[in-house]
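Chemist: So I've got this file, protein_30.json, and it contains JSON, C-alpha atoms and all ligand atoms:
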[["chain", "number", "residue", "atom", "x", "y", "z"],
["K", 183, "MET", "CA", -30.60, 25.02, 34.59],
["K", 184, "LEU", "CA", -32.81, 27.70, 33.02],
["K", 185, "ASN", "CA", -33.06, 30.97, 34.91],
["K", 186, "SER", "CA", -36.37, 32.73, 35.27],
["K", 187, "ASP", "CA", -35.89, 35.39, 32.61],
["K", 188, "ALA", "CA", -34.60, 32.90, 30.12],
["K", 189, "GLN", "CA", -34.27, 34.24, 26.66],
["K", 190, "TYR", "CA", -32.68, 32.90, 23.54],
["K", 191, "VAL", "CA", -28.98, 33.49, 23.59],
["K", 192, "GLU", "CA", -26.84, 32.88, 20.56],
["K", 193, "PRO", "CA", -24.75, 29.83, 21.43],
["K", 194, "VAL", "CA", -21.10, 30.61, 21.97],
["K", 195, "PHE", "CA", -18.67, 27.87, 21.14],
["K", 196, "SER", "CA", -15.04, 27.85, 21.95],
["K", 197, "SER", "CA", -12.79, 27.16, 19.00],
["K", 198, "ASP", "CA", -12.19, 23.67, 20.41],
["K", 199, "GLN", "CA", -15.85, 22.75, 20.47],
["K", 200, "SER", "CA", -16.62, 24.06, 17.02],
["K", 201, "ASP", "CA", -13.59, 22.31, 15.64],
["K", 202, "SER", "CA", -14.26, 18.91, 17.08],
["K", 203, "ASP", "CA", -17.97, 18.35, 16.94],
["K", 204, "GLY", "CA", -19.73, 21.70, 16.81],
["K", 205, "PHE", "CA", -20.89, 21.46, 13.22],
["K", 206, "GLU", "CA", -22.82, 18.30, 13.98],
["K", 207, "SER", "CA", -25.18, 20.08, 16.34],
["K", 208, "LEU", "CA", -26.78, 22.57, 13.94],
["K", 209, "PRO", "CA", -28.47, 20.96, 10.94],
["K", 210, "ASN", "CA", -27.76, 23.75, 8.45],
["K", 211, "ASP", "CA", -24.07, 24.07, 9.12],
["K", 212, "SER", "CA", -23.84, 20.33, 9.48],
["K", 213, "ASP", "CA", -25.31, 19.78, 6.01],
["K", 214, "LEU", "CA", -23.04, 22.43, 4.57],
["K", 215, "ALA", "CA", -20.02, 20.89, 6.28],
["K", 216, "TYR", "CA", -20.93, 17.48, 4.89],
["K", 217, "ASP", "CA", -21.37, 18.85, 1.34],
["K", 218, "LEU", "CA", -18.10, 20.75, 1.57],
["K", 219, "SER", "CA", -16.20, 17.70, 2.77],
["K", 220, "ILE", "CA", -17.52, 15.61, -0.15],
["K", 221, "TRP", "CA", -16.70, 18.41, -2.60],
["K", 222, "ALA", "CA", -13.17, 18.89, -1.22],
["K", 223, "SER", "CA", -12.40, 15.15, -1.42],
["K", 224, "GLN", "CA", -13.98, 14.71, -4.84],
["K", 225, "PHE", "CA", -12.00, 17.51, -6.47],
["K", 226, "ASN", "CA", -8.84, 17.10, -4.38],
["K", 227, "ILE", "CA", -9.01, 20.65, -3.08],
["K", 228, "PRO", "CA", -5.78, 21.52, -1.21],
["K", 229, "HIS", "CA", -6.14, 21.97, 2.55],
["K", 230, "ASN", "CA", -4.99, 25.61, 2.43],
["K", 231, "ALA", "CA", -7.75, 26.42, -0.08],
["K", 232, "VAL", "CA", -10.38, 24.66, 2.09],
["K", 233, "LYS", "CA", -9.09, 26.54, 5.13],
["K", 234, "ASP", "CA", -9.43, 29.85, 3.34],
["K", 235, "LEU", "CA", -12.98, 29.00, 2.22],
["K", 236, "LEU", "CA", -13.96, 27.97, 5.77],
["K", 237, "CYS", "CA", -12.57, 31.24, 7.05],
["K", 238, "LYS", "CA", -14.76, 33.18, 4.62],
["K", 239, "LEU", "CA", -17.88, 31.14, 5.42],
["K", 240, "ARG", "CA", -17.57, 31.15, 9.20],
["K", 241, "PRO", "CA", -19.05, 34.64, 9.79],
["K", 242, "ASP", "CA", -22.36, 33.32, 8.41],
["K", 243, "HIS", "CA", -21.88, 29.72, 9.50],
["K", 244, "PRO", "CA", -20.16, 29.94, 12.87],
["K", 245, "LEU", "CA", -20.38, 26.23, 13.52],
["K", 246, "LEU", "CA", -18.30, 25.24, 10.53],
["K", 247, "PRO", "CA", -14.94, 23.92, 11.69],
["K", 248, "LYS", "CA", -11.92, 26.15, 11.34],
["K", 249, "ASP", "CA", -9.58, 23.39, 10.40],
["K", 250, "PRO", "CA", -9.90, 21.50, 7.10],
["K", 251, "ARG", "CA", -8.69, 18.34, 8.85],
["K", 252, "THR", "CA", -11.75, 18.49, 11.09],
["K", 253, "LEU", "CA", -14.04, 19.07, 8.12],
["K", 254, "LEU", "CA", -12.54, 16.18, 6.19],
["K", 255, "LYS", "CA", -12.43, 14.05, 9.34],
["K", 256, "THR", "CA", -8.82, 13.29, 8.61],
["K", 257, "LYS", "CA", -7.65, 10.55, 10.91],
["K", 258, "THR", "CA", -4.78, 11.77, 13.03],
["K", 259, "ASP", "CA", -4.36, 8.97, 15.55],
["K", 260, "TYR", "CA", -2.12, 6.86, 13.34],
["K", 261, "VAL", "CA", 0.09, 4.43, 15.14],
["K", 262, "VAL", "CA", 3.47, 4.78, 13.47],
["K", 263, "LYS", "CA", 5.95, 2.15, 14.57],
["K", 264, "ASN", "CA", 9.72, 2.26, 14.58],
["K", 265, "VAL", "CA", 10.48, -0.78, 12.49],
["K", 266, "GLY", "CA", 13.38, -1.83, 10.29],
["K", 267, "GLY", "CA", 15.32, 1.39, 10.85],
["K", 268, "GLY", "CA", 12.46, 3.67, 9.82],
["K", 269, "SER", "CA", 8.91, 4.77, 10.62],
["K", 270, "TYR", "CA", 6.31, 2.30, 9.46],
["K", 271, "PHE", "CA", 2.55, 2.60, 9.21],
["K", 272, "HIS", "CA", 0.50, -0.48, 8.50],
["K", 273, "PHE", "CA", -2.93, 0.13, 6.94],
["K", 274, "GLY", "CA", -3.67, -3.57, 7.27],
["K", 275, "LEU", "CA", -4.63, -5.90, 4.46],
["K", 276, "GLN", "CA", -7.99, -6.64, 6.05],
["K", 277, "ASN", "CA", -8.93, -2.94, 6.31],
["K", 278, "VAL", "CA", -7.95, -2.09, 2.75],
["K", 279, "LEU", "CA", -9.77, -5.12, 1.33],
["K", 280, "LEU", "CA", -12.94, -4.18, 3.21],
["K", 281, "THR", "CA", -12.63, -0.66, 1.76],
["K", 282, "GLU", "CA", -12.17, -2.12, -1.72],
["K", 283, "LEU", "CA", -15.35, -4.15, -1.35],
["K", 284, "LYS", "CA", -17.26, -0.89, -0.85],
["K", 285, "SER", "CA", -15.65, 0.79, -3.89],
["K", 286, "ASP", "CA", -17.22, 1.34, -7.32],
["K", 287, "VAL", "CA", -15.19, -1.52, -8.80],
["K", 288, "TYR", "CA", -17.04, -3.97, -6.57],
["K", 289, "SER", "CA", -20.49, -2.37, -6.84],
["K", 290, "ASN", "CA", -21.54, -4.90, -9.50],
["K", 291, "GLN", "CA", -20.07, -7.90, -7.69],
["K", 292, "ALA", "CA", -22.68, -9.83, -5.79],
["K", 293, "ASN", "CA", -21.68, -12.70, -3.53],
["K", 294, "VAL", "CA", -17.93, -12.42, -3.63],
["K", 295, "THR", "CA", -16.54, -15.69, -2.27],
["K", 296, "VAL", "CA", -12.88, -15.54, -3.34],
["K", 297, "MET", "CA", -10.54, -12.59, -3.83],
["K", 298, "ARG", "CA", -7.17, -12.88, -5.53],
["K", 299, "ILE", "CA", -4.62, -10.21, -4.86],
["K", 300, "GLN", "CA", -1.28, -9.11, -6.25],
["K", 301, "MET", "CA", 1.30, -7.24, -4.23],
["K", 302, "ASN", "CA", 4.19, -4.99, -5.01],
["K", 303, "ILE", "CA", 7.12, -3.91, -2.86],
["K", 304, "ASP", "CA", 9.65, -1.32, -3.93],
["K", 305, "GLY", "CA", 11.75, 1.52, -2.59],
["K", 306, "LEU", "CA", 11.63, 5.00, -3.96],
["K", 307, "PRO", "CA", 13.97, 7.86, -3.17],
["K", 308, "LEU", "CA", 12.20, 11.05, -2.08],
["K", 309, "PHE", "CA", 14.97, 13.60, -2.48],
["K", 310, "LYS", "CA", 18.16, 13.92, -4.49],
["K", 311, "SER", "CA", 19.97, 15.50, -1.56],
["K", 312, "SER", "CA", 19.38, 12.74, 0.99],
["K", 313, "ASN", "CA", 18.97, 9.02, 1.29],
["K", 314, "THR", "CA", 15.38, 9.27, 2.60],
["K", 315, "GLN", "CA", 13.20, 6.63, 0.96],
["K", 316, "PHE", "CA", 9.63, 5.42, 0.95],
["K", 317, "TRP", "CA", 9.14, 1.66, 0.91],
["K", 318, "PRO", "CA", 5.46, 1.16, 0.14],
["K", 319, "ILE", "CA", 3.76, -2.21, 0.16],
["K", 320, "LEU", "CA", 1.03, -2.00, -2.47],
["K", 321, "GLY", "CA", -1.69, -4.38, -3.48],
["K", 322, "ARG", "CA", -4.60, -4.71, -5.84],
["K", 323, "THR", "CA", -7.30, -7.29, -6.36],
["K", 324, "ILE", "CA", -7.32, -9.09, -9.70],
["K", 325, "HIS", "CA", -10.32, -11.34, -9.09],
["K", 326, "PRO", "CA", -13.30, -11.11, -9.19],
["K", 327, "ALA", "CA", -12.60, -7.48, -10.16],
["K", 328, "VAL", "CA", -9.41, -5.60, -10.96],
["K", 329, "SER", "CA", -9.06, -2.78, -8.46],
["K", 330, "LYS", "CA", -6.80, 0.24, -8.43],
["K", 331, "PRO", "CA", -3.61, -0.21, -6.40],
["K", 332, "PHE", "CA", -3.96, 0.44, -2.67],
["K", 333, "ALA", "CA", -1.35, 0.89, 0.07],
["K", 334, "ILE", "CA", -1.07, -1.89, 2.64],
["K", 335, "GLY", "CA", 1.85, -0.36, 4.54],
["K", 336, "ILE", "CA", 4.43, 2.39, 4.05],
["K", 337, "LEU", "CA", 7.85, 2.72, 5.57],
["K", 338, "LEU", "CA", 9.86, 5.94, 5.64],
["K", 339, "GLY", "CA", 13.52, 5.44, 6.32],
["K", 340, "ASN", "CA", 17.09, 6.05, 5.33],
["K", 341, "GLY", "CA", 18.34, 3.57, 2.76],
["K", 342, "LYS", "CA", 17.19, -0.02, 2.60],
["K", 343, "PRO", "CA", 15.05, -1.02, 5.57],
["K", 344, "LYS", "CA", 15.88, -4.12, 7.58],
["K", 345, "ASN", "CA", 12.89, -6.26, 8.39],
["K", 346, "TYR", "CA", 9.66, -4.34, 8.08],
["K", 347, "LEU", "CA", 7.41, -7.01, 6.59],
["K", 348, "CYS", "CA", 6.30, -8.73, 9.82],
["K", 349, "ASP", "CA", 2.83, -7.12, 9.84],
["K", 350, "LEU", "CA", 2.34, -8.00, 6.17],
["K", 351, "ILE", "CA", 3.41, -11.60, 6.75],
["K", 352, "ASP", "CA", 0.97, -11.86, 9.71],
["K", 353, "ASP", "CA", -1.84, -10.44, 7.55],
["K", 354, "ILE", "CA", -1.13, -12.85, 4.70],
["K", 355, "ASN", "CA", -1.07, -15.83, 7.05],
["K", 356, "ASN", "CA", -4.22, -14.79, 8.92],
["K", 357, "LEU", "CA", -6.26, -13.94, 5.84],
["K", 358, "THR", "CA", -5.23, -16.96, 3.79],
["K", 359, "ALA", "CA", -6.01, -19.22, 6.76],
["K", 360, "THR", "CA", -9.31, -17.80, 7.97],
["K", 361, "GLY", "CA", -10.48, -15.57, 5.12],
["K", 362, "LEU", "CA", -11.73, -12.01, 5.24],
["K", 363, "LEU", "CA", -14.54, -11.60, 7.73],
["K", 364, "ILE", "CA", -17.29, -9.24, 6.58],
["K", 365, "PRO", "CA", -18.71, -7.41, 9.61],
["K", 366, "HIS", "CA", -22.51, -7.47, 9.98],
["K", 367, "THR", "CA", -22.98, -10.48, 7.69],
["K", 368, "GLY", "CA", -20.40, -12.75, 9.29],
["K", 369, "GLN", "CA", -19.47, -14.02, 5.83],
["K", 370, "HIS", "CA", -15.90, -15.13, 5.14],
["K", 371, "ILE", "CA", -14.27, -14.36, 1.80],
["K", 372, "GLN", "CA", -11.42, -16.61, 0.83],
["K", 373, "ILE", "CA", -8.23, -14.63, 0.17],
["K", 374, "LYS", "CA", -5.55, -15.87, -2.18],
["K", 375, "VAL", "CA", -2.27, -14.09, -2.86],
["K", 376, "SER", "CA", -1.63, -14.53, -6.55],
["K", 377, "CYS", "CA", 1.90, -13.16, -6.66],
["K", 378, "VAL", "CA", 4.33, -10.55, -5.38],
["K", 379, "ILE", "CA", 5.61, -8.36, -8.22],
["K", 380, "CYS", "CA", 8.87, -6.47, -7.71],
["K", 381, "ASP", "CA", 11.62, -5.13, -9.91],
["K", 382, "THR", "CA", 14.87, -7.11, -9.87],
["K", 383, "PRO", "CA", 16.68, -5.34, -7.00],
["K", 384, "ALA", "CA", 13.57, -5.22, -4.79],
["K", 385, "ARG", "CA", 12.80, -8.87, -5.52],
["K", 386, "ALA", "CA", 16.32, -9.92, -4.51],
["K", 387, "PHE", "CA", 15.89, -7.81, -1.36],
["K", 388, "VAL", "CA", 12.54, -9.27, -0.22],
["K", 389, "LYS", "CA", 13.60, -12.79, -1.19],
["K", 390, "GLN", "CA", 17.00, -12.26, 0.45],
["K", 391, "SER", "CA", 18.63, -13.78, -2.62],
["K", 392, "LYS", "CA", 21.69, -12.77, -4.66],
["K", 393, "GLY", "CA", 21.22, -9.83, -7.02],
["K", 394, "HIS", "CA", 21.21, -10.18, -10.80],
["K", 395, "SER", "CA", 24.94, -9.53, -10.96],
["K", 396, "GLY", "CA", 25.73, -12.52, -8.73],
["K", 397, "HIS", "CA", 26.94, -15.84, -10.18],
["K", 398, "PHE", "CA", 23.85, -17.58, -8.79],
["K", 399, "GLY", "CA", 21.57, -14.61, -9.29],
["K", 400, "CYS", "CA", 19.04, -16.14, -11.69],
["K", 401, "ASP", "CA", 15.64, -16.41, -10.02],
["K", 402, "LYS", "CA", 14.38, -19.16, -12.25],
["K", 403, "CYS", "CA", 17.25, -21.56, -12.92],
["K", 404, "VAL", "CA", 20.24, -22.95, -11.05],
["K", 405, "GLN", "CA", 23.01, -22.28, -13.58],
["K", 406, "LYS", "CA", 26.18, -20.47, -12.58],
["K", 407, "GLY", "CA", 26.39, -17.22, -14.54],
["K", 408, "LEU", "CA", 29.25, -16.28, -16.83],
["K", 409, "TYR", "CA", 30.94, -12.90, -16.53],
["K", 410, "VAL", "CA", 31.27, -11.38, -20.03],
["K", 411, "ASN", "CA", 32.24, -7.78, -20.86],
["K", 412, "HIS", "CA", 31.66, -6.57, -17.30],
["K", 413, "ARG", "CA", 28.19, -8.13, -17.27],
["K", 414, "MET", "CA", 26.81, -11.23, -15.65],
["K", 415, "THR", "CA", 25.20, -13.44, -18.29],
["K", 416, "PHE", "CA", 23.23, -16.64, -18.05],
["K", 417, "PRO", "CA", 23.81, -18.25, -21.47],
["K", 418, "ASP", "CA", 22.50, -21.76, -20.76],
["K", 419, "THR", "CA", 18.93, -21.92, -22.01],
["K", 420, "ASN", "CA", 18.44, -25.50, -20.89],
["K", 421, "SER", "CA", 19.50, -25.29, -17.28],
["K", 422, "PRO", "CA", 17.51, -27.11, -14.56],
["K", 423, "LEU", "CA", 14.89, -24.80, -13.08],
["K", 424, "ARG", "CA", 14.74, -23.67, -9.48],
["K", 425, "THR", "CA", 11.77, -24.94, -7.50],
["K", 426, "ASP", "CA", 9.88, -23.54, -4.52],
["K", 427, "VAL", "CA", 10.98, -26.52, -2.44],
["K", 428, "GLN", "CA", 14.65, -25.97, -3.27],
["K", 429, "PHE", "CA", 14.26, -22.32, -2.30],
["K", 430, "ASP", "CA", 12.52, -23.21, 0.98],
["K", 431, "LYS", "CA", 15.31, -25.59, 1.88],
["K", 432, "MET", "CA", 17.96, -23.14, 0.64],
["K", 433, "THR", "CA", 19.53, -26.02, -1.30],
["K", 434, "ASN", "CA", 21.67, -23.70, -3.41],
["K", 435, "VAL", "CA", 23.37, -21.80, -0.57],
["K", 436, "GLU", "CA", 25.09, -19.44, -2.99],
["K", 437, "HIS", "CA", 21.72, -18.13, -4.19],
["K", 438, "HIS", "CA", 20.77, -16.81, -0.75],
["K", 439, "ILE", "CA", 22.06, -13.95, 1.37],
["K", 440, "GLY", "CA", 19.65, -14.49, 4.27],
["K", 441, "ARG", "CA", 16.29, -15.86, 5.25],
["K", 442, "SER", "CA", 13.36, -14.23, 3.44],
["K", 443, "PRO", "CA", 10.40, -13.23, 5.63],
["K", 444, "PHE", "CA", 8.16, -14.73, 2.92],
["K", 445, "LEU", "CA", 9.48, -18.17, 3.90],
["K", 446, "ASN", "CA", 7.07, -17.84, 6.84],
["K", 447, "THR", "CA", 4.12, -17.84, 4.43],
["K", 448, "ASN", "CA", 2.89, -20.54, 2.10],
["K", 449, "LEU", "CA", 3.82, -18.50, -0.99],
["K", 450, "GLY", "CA", 6.10, -20.13, -3.54],
["K", 451, "LEU", "CA", 9.30, -18.07, -3.45],
["K", 452, "VAL", "CA", 10.09, -18.98, -7.07],
["K", 453, "THR", "CA", 6.72, -19.44, -8.74],
["K", 454, "GLN", "CA", 4.89, -16.57, -7.05],
["K", 455, "PHE", "CA", 7.61, -13.94, -7.54],
["K", 456, "PRO", "CA", 7.42, -13.42, -11.32],
["K", 457, "LEU", "CA", 10.05, -11.65, -13.39],
["K", 458, "ASP", "CA", 9.11, -8.04, -13.88],
["K", 459, "TYR", "CA", 7.64, -7.55, -17.37],
["K", 460, "MET", "CA", 7.76, -3.75, -17.37],
["K", 461, "HIS", "CA", 11.51, -3.37, -16.78],
["K", 462, "LEU", "CA", 12.63, -6.50, -18.65],
["K", 463, "VAL", "CA", 10.47, -6.29, -21.77],
["K", 464, "CYS", "CA", 8.94, -2.83, -22.20],
["K", 465, "MET", "CA", 11.84, -0.80, -20.84],
["K", 466, "GLY", "CA", 14.51, -3.46, -21.52],
["K", 467, "VAL", "CA", 14.47, -5.59, -24.65],
["K", 468, "MET", "CA", 11.91, -3.47, -26.48],
["K", 469, "LYS", "CA", 13.75, -0.23, -25.76],
["K", 470, "ARG", "CA", 17.01, -1.81, -26.99],
["K", 471, "LEU", "CA", 15.32, -3.05, -30.20],
["K", 472, "LEU", "CA", 13.98, 0.43, -30.88],
["K", 473, "TRP", "CA", 17.47, 1.92, -30.37],
["K", 474, "LEU", "CA", 18.99, -0.62, -32.77],
["H", 501, "ZN", "ZN", 18.14, -18.72, -15.44]]
Kindly present the structure from the file in C-alpha cells form.
Ligand SMILES: [Zn+2]

Modeler:
Amino acid sequence: MLNSDAQYVEPVFSSDQSDSDGFESLPNDSDLAYDLSIWASQFNIPHNAVKDLLCKLRPDHPLLPKDPRTLLKTKTDYVVKNVGGGSYFHFGLQNVLLTELKSDVYSNQANVTVMRIQMNIDGLPLFKSSNTQFWPILGRTIHPAVSKPFAIGILLGNGKPKNYLCDLIDDINNLTATGLLIPHTGQHIQIKVSCVICDTPARAFVKQSKGHSGHFGCDKCVQKGLYVNHRMTFPDTNSPLRTDVQFDKMTNVEHHIGRSPFLNTNLGLVTQFPLDYMHLVCMGVMKRLLWL
C-alpha cells in the first residue's frame, strides 16, 4: 500500500533476494548479468574470478548476484544416488541427446529421423594416495553428425563399482523402443546404439567376462588360451568365433564371471563390444614396432 507522502525510495534487497532472482527485475542489471554469464561460460572464467568481478561491480549494479553460481544459473538440485558402492549421478541419455540436437554440430541437420550413438565406460583413478575413482559413462552421436563426447552418468566410488548401470540400461531400452521424443513438435527420433567401446579391463568388467589373462578370455573366439612366458596367448588363428547368441546363453561357462547388465538390452555382447583400437594398435602393436 502506498502512503500519502509516497516518494521514490531506492529498493533495498536482502542478499537472498538479490542472489536468487533480484537481477531479473531491473533491466539494466539483468542485461549485464546475462552478458556476464555468457562471457564467463564462453571463456571458462573460474568462479573465484567471476565472484571477484561481481564484488567490484555491485556498488554500481546492486542487483547483480553475489554468487557466481546464481549468475551462471548453476543447477544445484542434483539427485545423487547411492548406487554400486558409490555416488552416482545420471544425466540421462534423453536429456543429453536433446541438448546435442541444439548444439552447433546439429545446426545444419534438418529433419533428423535416426541417431546412432557410441558409448564408452571406463574407470579412472583420481588420486595416487587413495582408491577413489570416477566411472563415467560417455556417449557421442556418430550419425547423422559426429558430436563431441558427452557424459550420460558419472559414478564416484572406491575401487570397482558393483552394479551402477541400471539407469543406463533403462534409458537404452526405452529410447531404442520408443525413440527420442522432441518436445513441442511431438516428433520421435529413432535411436540406435552402434557399439559400446571400452578398453580390455573395462570391457571384461561390463560384460562380466573373464579378463584377457584368463584361459577363455578372448572376446571374439572360443579357443582355450596357452600360457607362454608368463603371458596368456591365443595362437590359433582359425578358431571358431564367439557369437552373440552363445554369449546370451552363456554357452561357454568358463568365459563368464557373472551376468552382464547389458544382457537386459538387445545389444550384441560380442558384435557390439569392439576390440579397442587405441590401446591394441596405436599404443600396442605400433608402439612395439617403433621400439623394435
Ligand atoms: Zn580369439

Chemist: Can you tell me how far atom CA of K:Lys233 sits from atom CA of K:Asp211, in Å to one decimal?

Modeler: 15.7 Å

Chemist: For each of K:Cys400, K:Met460, K:Val435, K:Val427, take the minimum atom-to-atom distance to ligand ZN 501 (chain H), counting all atoms listed in the file, then give the residue where this is smallest.

Modeler: K:Cys400

Chemist: Do you have the atom CA of K:Val265-atom CA of K:Asp349 distance handy?

Modeler: 10.3 Å

Chemist: Once you count only C-alpha atoms and all ligand atoms, what closest atom pair and distance in Å to one decimal does each residue of chain K within 7 Å of ligand ZN 501 (chain H) have, with rows by chain and rising residue number, as a Markdown table?

Modeler:
| residue | atom | partner | partner_atom | distance |
| --- | --- | --- | --- | --- |
| K:Cys400 | CA | H:ZN501 | ZN | 4.6 |
| K:Asp401 | CA | H:ZN501 | ZN | 6.4 |
| K:Lys402 | CA | H:ZN501 | ZN | 5.0 |
| K:Cys403 | CA | H:ZN501 | ZN | 3.9 |
| K:Val404 | CA | H:ZN501 | ZN | 6.4 |
| K:Gln405 | CA | H:ZN501 | ZN | 6.3 |
| K:Phe416 | CA | H:ZN501 | ZN | 6.1 |
| K:Ser421 | CA | H:ZN501 | ZN | 7.0 |

Chemist: Can you measure atom CA of K:Met414 to atom CA of K:Phe387 for me? One decimal in Å is fine.

Modeler: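 Between these atoms lies a distance of 18.3 Å.
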